[in-house]
Structure formats: C-alpha cells, structure tokens
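Next up, coords-v1.pdb (PDB, C-alpha atoms, pLDDT in the B column):
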```
ATOM      1  CA  GLY L 761     -37.147  97.823 -87.327  1.00 64.00           C
ATOM      2  CA  SER L 762     -37.634  94.277 -88.465  1.00 68.00           C
ATOM      3  CA  THR L 763     -33.939  93.950 -89.391  1.00 74.00           C
ATOM      4  CA  LEU L 764     -32.745  94.300 -85.794  1.00 80.00           C
ATOM      5  CA  VAL L 765     -31.333  91.229 -84.067  1.00 83.00           C
ATOM      6  CA  GLU L 766     -33.890  91.971 -81.339  1.00 83.00           C
ATOM      7  CA  ALA L 767     -36.886  92.048 -83.720  1.00 80.00           C
ATOM      8  CA  GLY L 768     -38.282  88.752 -82.399  1.00 82.00           C
ATOM      9  CA  TRP L 769     -37.750  89.632 -78.748  1.00 85.00           C
ATOM     10  CA  SER L 770     -39.805  91.920 -76.513  1.00 78.00           C
ATOM     11  CA  LYS L 771     -41.585  94.700 -78.356  1.00 82.00           C
ATOM     12  CA  GLN L 772     -40.531  97.153 -75.627  1.00 85.00           C
ATOM     13  CA  ARG L 773     -37.476  99.008 -76.911  1.00 88.00           C
ATOM     14  CA  VAL L 774     -35.121 101.044 -74.742  1.00 92.00           C
ATOM     15  CA  SER L 775     -33.201 104.010 -76.070  1.00 93.00           C
ATOM     16  CA  PRO L 776     -29.857 105.104 -74.683  1.00 96.00           C
ATOM     17  CA  GLN L 777     -29.762 108.314 -72.683  1.00 95.00           C
ATOM     18  CA  GLY L 778     -27.226 111.016 -71.982  1.00 95.00           C
ATOM     19  CA  ALA L 779     -25.191 113.727 -73.600  1.00 90.00           C
ATOM     20  CA  LEU L 780     -22.761 113.292 -76.455  1.00 93.00           C
ATOM     21  CA  GLU L 781     -19.057 113.337 -75.605  1.00 94.00           C
ATOM     22  CA  PRO L 782     -19.713 112.279 -72.006  1.00 95.00           C
ATOM     23  CA  GLU L 783     -17.114 111.811 -69.327  1.00 92.00           C
ATOM     24  CA  ILE L 784     -18.242 108.176 -68.990  1.00 95.00           C
ATOM     25  CA  MET L 785     -20.333 105.864 -71.175  1.00 96.00           C
ATOM     26  CA  VAL L 786     -21.911 102.982 -69.245  1.00 97.00           C
ATOM     27  CA  ILE L 787     -22.692  99.794 -71.162  1.00 97.00           C
ATOM     28  CA  SER L 788     -24.704  96.733 -70.190  1.00 97.00           C
ATOM     29  CA  ALA L 789     -25.737  93.867 -72.445  1.00 95.00           C
ATOM     30  CA  LEU L 790     -29.509  93.935 -71.969  1.00 95.00           C
ATOM     31  CA  PRO L 791     -32.186  96.260 -70.639  1.00 94.00           C
ATOM     32  CA  GLU L 792     -33.909  95.341 -67.372  1.00 93.00           C
ATOM     33  CA  LYS L 793     -37.484  95.152 -66.144  1.00 89.00           C
ATOM     34  CA  ASN L 794     -38.672  97.230 -63.229  1.00 88.00           C
ATOM     35  CA  ARG L 795     -41.196  96.020 -60.638  1.00 88.00           C
ATOM     36  CA  ASN L 796     -44.068  96.892 -62.998  1.00 90.00           C
ATOM     37  CA  GLY L 797     -42.584  94.844 -65.832  1.00 86.00           C
ATOM     38  CA  GLU L 798     -41.568  97.901 -67.846  1.00 89.00           C
ATOM     39  CA  VAL L 799     -38.240  97.652 -69.641  1.00 91.00           C
ATOM     40  CA  GLN L 800     -35.566 100.236 -68.782  1.00 93.00           C
ATOM     41  CA  LEU L 801     -31.824 100.694 -69.220  1.00 94.00           C
ATOM     42  CA  PHE L 802     -31.372  99.820 -65.532  1.00 94.00           C
ATOM     43  CA  ASN L 803     -34.072  99.011 -62.992  1.00 93.00           C
ATOM     44  CA  PRO L 804     -34.443 101.585 -60.175  1.00 94.00           C
ATOM     45  CA  ASP L 805     -32.319  99.683 -57.606  1.00 94.00           C
ATOM     46  CA  ASN L 806     -29.494  99.117 -60.079  1.00 95.00           C
ATOM     47  CA  GLN L 807     -29.780 102.717 -61.314  1.00 94.00           C
ATOM     48  CA  LYS L 808     -29.382 104.015 -57.754  1.00 94.00           C
ATOM     49  CA  LEU L 809     -26.214 101.973 -57.212  1.00 95.00           C
ATOM     50  CA  LEU L 810     -24.892 103.022 -60.627  1.00 95.00           C
ATOM     51  CA  GLU L 811     -25.339 106.678 -59.695  1.00 93.00           C
ATOM     52  CA  LYS L 812     -23.364 106.083 -56.476  1.00 93.00           C
ATOM     53  CA  MET L 813     -20.604 104.400 -58.463  1.00 93.00           C
ATOM     54  CA  LEU L 814     -20.431 107.326 -60.885  1.00 93.00           C
ATOM     55  CA  ALA L 815     -20.449 109.806 -57.989  1.00 91.00           C
ATOM     56  CA  ALA L 816     -17.481 107.953 -56.464  1.00 89.00           C
ATOM     57  CA  LEU L 817     -15.642 108.756 -59.702  1.00 88.00           C
ATOM     58  CA  GLY L 818     -16.664 112.403 -59.488  1.00 88.00           C
ATOM     59  CA  CYS L 819     -19.108 112.019 -62.378  1.00 88.00           C
ATOM     60  CA  ASP L 820     -22.789 112.844 -62.111  1.00 80.00           C
ATOM     61  CA  SER L 821     -25.501 111.447 -64.355  1.00 75.00           C
ATOM     62  CA  GLY L 822     -25.355 114.612 -66.471  1.00 80.00           C
ATOM     63  CA  GLN L 823     -21.784 113.708 -67.433  1.00 86.00           C
ATOM     64  CA  SER L 824     -22.591 110.130 -68.397  1.00 94.00           C
ATOM     65  CA  TYR L 825     -24.250 108.236 -71.215  1.00 97.00           C
ATOM     66  CA  LEU L 826     -26.131 104.996 -70.526  1.00 97.00           C
ATOM     67  CA  ALA L 827     -26.761 102.331 -73.140  1.00 97.00           C
ATOM     68  CA  ASN L 828     -27.394  98.644 -73.633  1.00 96.00           C
ATOM     69  CA  ILE L 829     -25.847  96.558 -76.374  1.00 95.00           C
ATOM     70  CA  ALA L 830     -29.313  95.202 -77.229  1.00 94.00           C
ATOM     71  CA  VAL L 831     -32.289  97.573 -77.432  1.00 92.00           C
ATOM     72  CA  SER L 832     -34.813  95.109 -75.983  1.00 92.00           C
ATOM     73  CA  ILE L 833     -34.761  92.239 -73.543  1.00 90.00           C
ATOM     74  CA  SER L 834     -34.594  88.672 -74.772  1.00 85.00           C
ATOM     75  CA  TYR L 835     -37.043  86.095 -73.473  1.00 83.00           C
ATOM     76  CA  ASP L 836     -34.431  84.163 -71.528  1.00 86.00           C
ATOM     77  CA  GLY L 837     -32.047  87.012 -70.635  1.00 83.00           C
ATOM     78  CA  ARG L 838     -29.354  85.711 -72.988  1.00 88.00           C
ATOM     79  CA  ILE L 839     -28.111  86.625 -76.435  1.00 92.00           C
ATOM     80  CA  ASP L 840     -27.301  83.800 -78.824  1.00 91.00           C
ATOM     81  CA  GLU L 841     -23.618  83.847 -79.735  1.00 94.00           C
ATOM     82  CA  GLN L 842     -24.432  84.002 -83.456  1.00 93.00           C
ATOM     83  CA  HIS L 843     -25.684  87.586 -82.899  1.00 93.00           C
ATOM     84  CA  TRP L 844     -22.598  88.844 -81.059  1.00 95.00           C
ATOM     85  CA  PRO L 845     -20.671  90.065 -84.146  1.00 95.00           C
ATOM     86  CA  THR L 846     -23.655  92.080 -85.420  1.00 94.00           C
ATOM     87  CA  LEU L 847     -24.314  93.595 -82.007  1.00 95.00           C
ATOM     88  CA  LYS L 848     -20.631  94.388 -81.505  1.00 95.00           C
ATOM     89  CA  THR L 849     -20.448  96.167 -84.870  1.00 94.00           C
ATOM     90  CA  ARG L 850     -23.525  98.228 -84.000  1.00 93.00           C
ATOM     91  CA  PHE L 851     -22.080  98.973 -80.541  1.00 95.00           C
ATOM     92  CA  LEU L 852     -18.747 100.165 -81.994  1.00 94.00           C
ATOM     93  CA  HIS L 853     -20.628 102.487 -84.357  1.00 93.00           C
ATOM     94  CA  HIS L 854     -22.617 103.750 -81.363  1.00 94.00           C
ATOM     95  CA  VAL L 855     -19.421 104.484 -79.412  1.00 95.00           C
ATOM     96  CA  GLY L 856     -18.068 106.360 -82.433  1.00 93.00           C
ATOM     97  CA  LEU L 857     -21.165 108.557 -82.510  1.00 93.00           C
ATOM     98  CA  VAL L 858     -21.215 109.211 -78.749  1.00 94.00           C
ATOM     99  CA  ARG L 859     -17.427 109.802 -78.408  1.00 93.00           C
ATOM    100  CA  PRO L 860     -17.081 109.104 -74.669  1.00 94.00           C
ATOM    101  CA  LYS L 861     -13.849 109.815 -72.791  1.00 92.00           C
ATOM    102  CA  ARG L 862     -14.047 106.509 -70.876  1.00 93.00           C
ATOM    103  CA  ILE L 863     -16.303 103.450 -70.796  1.00 95.00           C
ATOM    104  CA  ILE L 864     -17.570 101.212 -68.008  1.00 96.00           C
ATOM    105  CA  CYS L 865     -18.735  97.831 -69.249  1.00 97.00           C
ATOM    106  CA  PHE L 866     -21.018  95.946 -66.856  1.00 97.00           C
ATOM    107  CA  GLY L 867     -21.289  92.189 -66.744  1.00 96.00           C
ATOM    108  CA  ASP L 868     -20.125  88.933 -68.220  1.00 96.00           C
ATOM    109  CA  LEU L 869     -22.298  88.967 -71.349  1.00 95.00           C
ATOM    110  CA  ALA L 870     -21.248  92.487 -72.334  1.00 96.00           C
ATOM    111  CA  ALA L 871     -17.574  91.584 -71.755  1.00 97.00           C
ATOM    112  CA  LYS L 872     -17.914  88.534 -73.987  1.00 97.00           C
ATOM    113  CA  ILE L 873     -19.636  90.450 -76.783  1.00 97.00           C
ATOM    114  CA  ILE L 874     -17.330  93.470 -76.742  1.00 96.00           C
ATOM    115  CA  PHE L 875     -13.963  92.018 -75.696  1.00 96.00           C
ATOM    116  CA  GLY L 876     -14.328  88.299 -76.375  1.00 96.00           C
ATOM    117  CA  GLN L 877     -13.441  87.581 -72.740  1.00 96.00           C
ATOM    118  CA  ASP L 878     -15.444  86.530 -69.714  1.00 96.00           C
ATOM    119  CA  LEU L 879     -15.929  89.055 -66.917  1.00 96.00           C
ATOM    120  CA  LEU L 880     -13.224  87.728 -64.612  1.00 95.00           C
ATOM    121  CA  THR L 881     -10.599  87.748 -67.372  1.00 96.00           C
ATOM    122  CA  ALA L 882     -11.626  91.098 -68.876  1.00 96.00           C
ATOM    123  CA  ARG L 883     -11.625  92.939 -65.548  1.00 94.00           C
ATOM    124  CA  LYS L 884      -7.974  92.117 -64.824  1.00 93.00           C
ATOM    125  CA  ASN L 885      -6.720  94.972 -67.022  1.00 92.00           C
ATOM    126  CA  LYS L 886      -7.983  98.139 -68.582  1.00 92.00           C
ATOM    127  CA  GLN L 887      -9.428  97.484 -72.000  1.00 94.00           C
ATOM    128  CA  PHE L 888      -9.446  99.435 -75.244  1.00 92.00           C
ATOM    129  CA  ILE L 889     -12.380  99.826 -77.577  1.00 92.00           C
ATOM    130  CA  ASN L 890     -11.325 100.539 -81.143  1.00 86.00           C
ATOM    131  CA  HIS L 891     -14.006 102.372 -83.105  1.00 78.00           C
ATOM    132  CA  SER L 892     -14.052 104.630 -86.123  1.00 74.00           C
ATOM    133  CA  SER L 893     -10.541 106.027 -86.104  1.00 71.00           C
ATOM    134  CA  SER L 894     -10.281 106.278 -82.320  1.00 83.00           C
ATOM    135  CA  LYS L 895      -9.478 104.156 -79.310  1.00 89.00           C
ATOM    136  CA  THR L 896     -11.330 104.597 -75.995  1.00 92.00           C
ATOM    137  CA  GLU L 897     -10.124 103.211 -72.686  1.00 93.00           C
ATOM    138  CA  ALA L 898     -12.538 101.088 -70.694  1.00 95.00           C
ATOM    139  CA  ILE L 899     -12.924  98.833 -67.703  1.00 96.00           C
ATOM    140  CA  VAL L 900     -15.097  95.805 -67.153  1.00 97.00           C
ATOM    141  CA  THR L 901     -16.732  95.252 -63.781  1.00 97.00           C
ATOM    142  CA  PHE L 902     -19.614  93.554 -62.028  1.00 97.00           C
ATOM    143  CA  HIS L 903     -23.137  94.594 -62.962  1.00 97.00           C
ATOM    144  CA  PRO L 904     -24.895  96.573 -60.197  1.00 96.00           C
ATOM    145  CA  ARG L 905     -27.391  93.694 -59.922  1.00 95.00           C
ATOM    146  CA  ILE L 906     -24.570  91.354 -58.860  1.00 96.00           C
ATOM    147  CA  LEU L 907     -23.239  93.913 -56.389  1.00 97.00           C
ATOM    148  CA  ILE L 908     -26.670  94.176 -54.778  1.00 96.00           C
ATOM    149  CA  GLU L 909     -27.024  90.385 -54.631  1.00 96.00           C
ATOM    150  CA  ARG L 910     -23.440  89.850 -53.417  1.00 96.00           C
ATOM    151  CA  PRO L 911     -22.219  92.915 -51.485  1.00 95.00           C
ATOM    152  CA  LEU L 912     -18.823  91.304 -50.884  1.00 95.00           C
ATOM    153  CA  PHE L 913     -18.007  92.007 -54.556  1.00 96.00           C
ATOM    154  CA  LYS L 914     -18.298  95.767 -53.984  1.00 94.00           C
ATOM    155  CA  ALA L 915     -14.646  95.948 -52.889  1.00 95.00           C
ATOM    156  CA  GLU L 916     -13.603  94.311 -56.163  1.00 95.00           C
ATOM    157  CA  ALA L 917     -15.804  96.675 -58.169  1.00 95.00           C
ATOM    158  CA  TRP L 918     -14.227  99.606 -56.324  1.00 93.00           C
ATOM    159  CA  LYS L 919     -10.785  98.380 -57.440  1.00 93.00           C
ATOM    160  CA  ASP L 920     -12.086  98.288 -61.009  1.00 94.00           C
ATOM    161  CA  LEU L 921     -13.437 101.831 -60.745  1.00 92.00           C
ATOM    162  CA  GLN L 922     -10.094 103.012 -59.369  1.00 90.00           C
ATOM    163  CA  MET L 923      -8.467 101.595 -62.501  1.00 89.00           C
ATOM    164  CA  LEU L 924     -10.811 103.796 -64.519  1.00 82.00           C
ATOM    165  CA  THR L 925      -9.728 106.780 -62.424  1.00 71.00           C
ATOM    166  CA  ARG L 926      -6.099 105.938 -63.165  1.00 61.00           C
ATOM    167  CA  ILE L 927      -6.960 105.821 -66.869  1.00 47.00           C
ATOM    168  CA  SER L 928      -8.071 109.451 -66.813  1.00 46.00           C
ATOM    169  CA  ALA L 929      -4.892 110.510 -65.008  1.00 43.00           C
ATOM    170  CA  SER L 930      -2.573 108.804 -67.509  1.00 41.00           C
TER     171      SER L 930
END
```

As structure tokens, what does this structure read like?
Amino acid sequence: GSTLVEAGWSKQRVSPQGALEPEIMVISALPEKNRNGEVQLFNPDNQKLLEKMLAALGCDSGQSYLANIAVSISYDGRIDEQHWPTLKTRFLHHVGLVRPKRIICFGDLAAKIIFGQDLLTARKNKQFINHSSSKTEAIVTFHPRILIERPLFKAEAWKDLQMLTRISAS
C-alpha cells in the first residue's frame, strides 16, 4: 500500500516464501534483480549458493523461509537510515508470525537495521532477535553475492554457519 516505506520505490513487490515455523529463516535487506530485470528475493546465482549453504546445514529449501526486510528494491540499492526503525518493527512482527527456530541474516545493511551493528561486528557472535514474547537465535554472515564476488570469504561464511549449527545443539 501507499503507507509502506517502499511506496516510492520500484513498483515490483516481492513476497516472502516458505513454510511457517521453519528450521531456518533467511533474511536479506533488499530484493534483487535477475538478468531480465525482474525483482526476486534472491537472483538465481545467489539462490543457488544459498541452497548449498542451507544444505551444508542439513536444511533443504522446504525447511526454510526466505524474506527481505524491504518488499521492493530501492533505486540506489540503499535504505535511508530514517526508515530503519519502521522496517525493523515490521521485520520483528514478521519473525513473530513466522516463528523460525533459527535465523541467518545476510549482509551489512540487514545487520545494521536489525542489530544496529555493521556486518563485521555483528558476525563475531551469535545474535538474538527479540520479538513478540520470544527470542530467536541468529547469525550474521556475508551475502551470497559477496561470496560469489570474493570466494575467499567462503571460509569465513562457513565459520558463521558452523556457529548456527552450534546454536541448534545448545
């Protein structure tokens, strides 16, 4: 609707996908464009890497829930800081409705909006997302796009994913 933060951005909206109460909820700040210019949760290359990352955790796409903090892409790929509190509130409500067991947060912008920390700071420890009357454990790691552009970061992302595995065992 016209009251959304994203109302003045792209008219292409992207809905989250997945089952409620998933093993893992995957969050990114903004949707992405595919080669045809269509807006999606993740473009096909990033989606393929994401599926491999989830498989490494023993989670298939049927056990996950994918969402973006914003429902459309901004013109410059950024979100003005004045909108972060509104988007965070909406995100926390979303998490409360979905009720995931664990959350993977991709990227610097998402880390700043959700945790108030940049990517490198937020990924040092497991995080907690307080919503409704619950608390969900989460990790922050590099967006698949960055891992494709800079394969050397894959080892660091693997360490982050292992932290998520340790969360489920604790």

Residues near Lys848 of chain L, cut-off 8 Å, all atoms listed in the file, skip fewer than 2 positions along chain, as a short mmCIF file (atom, residue, chain, number, x, y, z; two decimals) with C-alpha atoms, in the coordinates of the input:
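Saved result, result02.cif, follows:
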```
data_model
loop_
_atom_site.label_atom_id
_atom_site.label_comp_id
_atom_site.auth_asym_id
_atom_site.auth_seq_id
_atom_site.Cartn_x
_atom_site.Cartn_y
_atom_site.Cartn_z
CA ILE L 829 -25.85 96.56 -76.37
CA TRP L 844 -22.60 88.84 -81.06
CA PRO L 845 -20.67 90.06 -84.15
CA THR L 846 -23.66 92.08 -85.42
CA ARG L 850 -23.52 98.23 -84.00
CA PHE L 851 -22.08 98.97 -80.54
CA LEU L 852 -18.75 100.16 -81.99
CA ILE L 873 -19.64 90.45 -76.78
CA ILE L 874 -17.33 93.47 -76.74
#
```

Segment 828-847 of chain L: axis-aligned bounding box, 5 Å on each side, centre and edge lengths in Å, one decimal, as JSON:
```
{"center_x": -28.9, "center_y": 91.2, "center_z": -78.0, "size_x": 26.4, "size_y": 24.8, "size_z": 24.8}
```

Might you spell out which residues the PyMOL selection byres ((chain L and resi 907) around 12) would select in the displayed file, as a compact mmCIF listing (two decimals) with C-alpha atoms, in the coordinates of the input?
```txt
# COMPACT_ATOMS: atom_id res chain seq x y z
CA ASP L 805 -32.32 99.68 -57.61
CA ASN L 806 -29.49 99.12 -60.08
CA LYS L 808 -29.38 104.02 -57.75
CA LEU L 809 -26.21 101.97 -57.21
CA LEU L 810 -24.89 103.02 -60.63
CA MET L 813 -20.60 104.40 -58.46
CA PHE L 866 -21.02 95.95 -66.86
CA GLY L 867 -21.29 92.19 -66.74
CA THR L 901 -16.73 95.25 -63.78
CA PHE L 902 -19.61 93.55 -62.03
CA HIS L 903 -23.14 94.59 -62.96
CA PRO L 904 -24.90 96.57 -60.20
CA ARG L 905 -27.39 93.69 -59.92
CA ILE L 906 -24.57 91.35 -58.86
CA ILE L 908 -26.67 94.18 -54.78
CA GLU L 909 -27.02 90.38 -54.63
CA ARG L 910 -23.44 89.85 -53.42
CA PRO L 911 -22.22 92.92 -51.48
CA LEU L 912 -18.82 91.30 -50.88
CA PHE L 913 -18.01 92.01 -54.56
CA LYS L 914 -18.30 95.77 -53.98
CA ALA L 915 -14.65 95.95 -52.89
CA GLU L 916 -13.60 94.31 -56.16
CA ALA L 917 -15.80 96.68 -58.17
CA TRP L 918 -14.23 99.61 -56.32
```

(message) Set the distance at 7 Å and use all atoms listed in the file: which residues neighbour Ala779 of chain L once local chain neighbours fewer than 3 positions away are removed? I'd like the list as JSON, numbers by chain.
(response) {"L": [782, 824, 825]}

With C-alpha atoms retained, write the just-selected residues as a compact mmCIF listing (two decimals), in the frame of the given file.
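Writing done, so here's again_12.txt:
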```txt
# COMPACT_ATOMS: atom_id res chain seq x y z
CA PRO L 782 -19.71 112.28 -72.01
CA SER L 824 -22.59 110.13 -68.40
CA TYR L 825 -24.25 108.24 -71.22
```

(request) Select, from L:Ile864, L:Val900, L:Leu764, L:Ala789, the residue with the minimum atom-to-atom distance to Leu880 of chain L, counting all atoms listed in the file. (result)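 Result for the nearest residue to Leu880 of chain L: L:Val900.
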
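For the pair atom CA of Ala882 of chain L and atom CA of Ile899 of chain L, the separation is 7.9 Å.
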
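Among the candidates L:Gln800, L:Gln877, L:Ser770, L:Ser893, the one nearest to Tyr835 of chain L when counting all atoms listed in the file is L:Ser770.
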
(message) Which residue is closest to Leu817 of chain L? Choose from L:His853, L:Asn803, L:Ile784, L:Ile839 and count all atoms listed in the file.
(response)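 Once distances to Leu817 of chain L are computed over all atoms listed in the file, the minimum belongs to L:Ile784.
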
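The space between atom CA of Val858 of chain L and atom CA of Leu814 of chain L spans 18.0 Å.
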
(message) Need to verify the contact set: Glu811 of chain L, 9 Å, all atoms listed in the file, exclusion of same-chain residues closer than 6 positions in sequence. Can you return it as a list in words?
(response)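 Near neighbours after the sequence-gap exclusion: Cys819, Asp820 and Ser821 of chain L.
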
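Atom CA of His854 of chain L is positioned 15.9 Å from atom CA of Ser832 of chain L.
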
(request) Could you give me, as a PyMOL selection string, the residues that sit within 8 Å of (-12.9, 100.6, -72.9) in the file's coordinates, counting all atoms listed in the file? (result) chain L and resi 862-865+886-889+896-900

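Residues of protein, DNA or RNA having at least one counted atom within 6 Å of (-24.6, 104.8, -70.5), given only C-alpha atoms, are Met785, Val786, Ile787, Tyr825, Leu826 and Ala827 of chain L.
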
(request) Find, counting all atoms listed in the file, the residue in L:Lys793, L:Lys872, L:Lys919, L:Arg859 that gets nearest to Ser834 of chain L. (result)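 Among the listed residues, the smallest separation from Ser834 of chain L belongs to L:Lys793.
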
(request) Quick one: apply the PyMOL selection byres ((chain L and resi 776) around 9) to the file and drop the selected residues here as a ChimeraX atom specification. (result) /L:774-775,777-778,801,825-828,831

(request) Would you list the contacts of Gly856 of chain L as a count of residues only, taking every protein, DNA or RNA residue within 8 Å and counting all atoms listed in the file, but skipping same-chain residues closer than 5 positions in sequence? (result) 3

(message) Under the rule that only C-alpha atoms are counted, which of L:Ser788, L:Glu781, L:Trp769, L:Asp840 is the nearest residue to Ala871 of chain L?
(response) L:Ser788

(message) So, with all atoms listed in the file as the atoms that count, which of L:Met923, L:Gly768, L:Lys861, L:Glu783 lies closest to Ala815 of chain L?
(response) L:Glu783
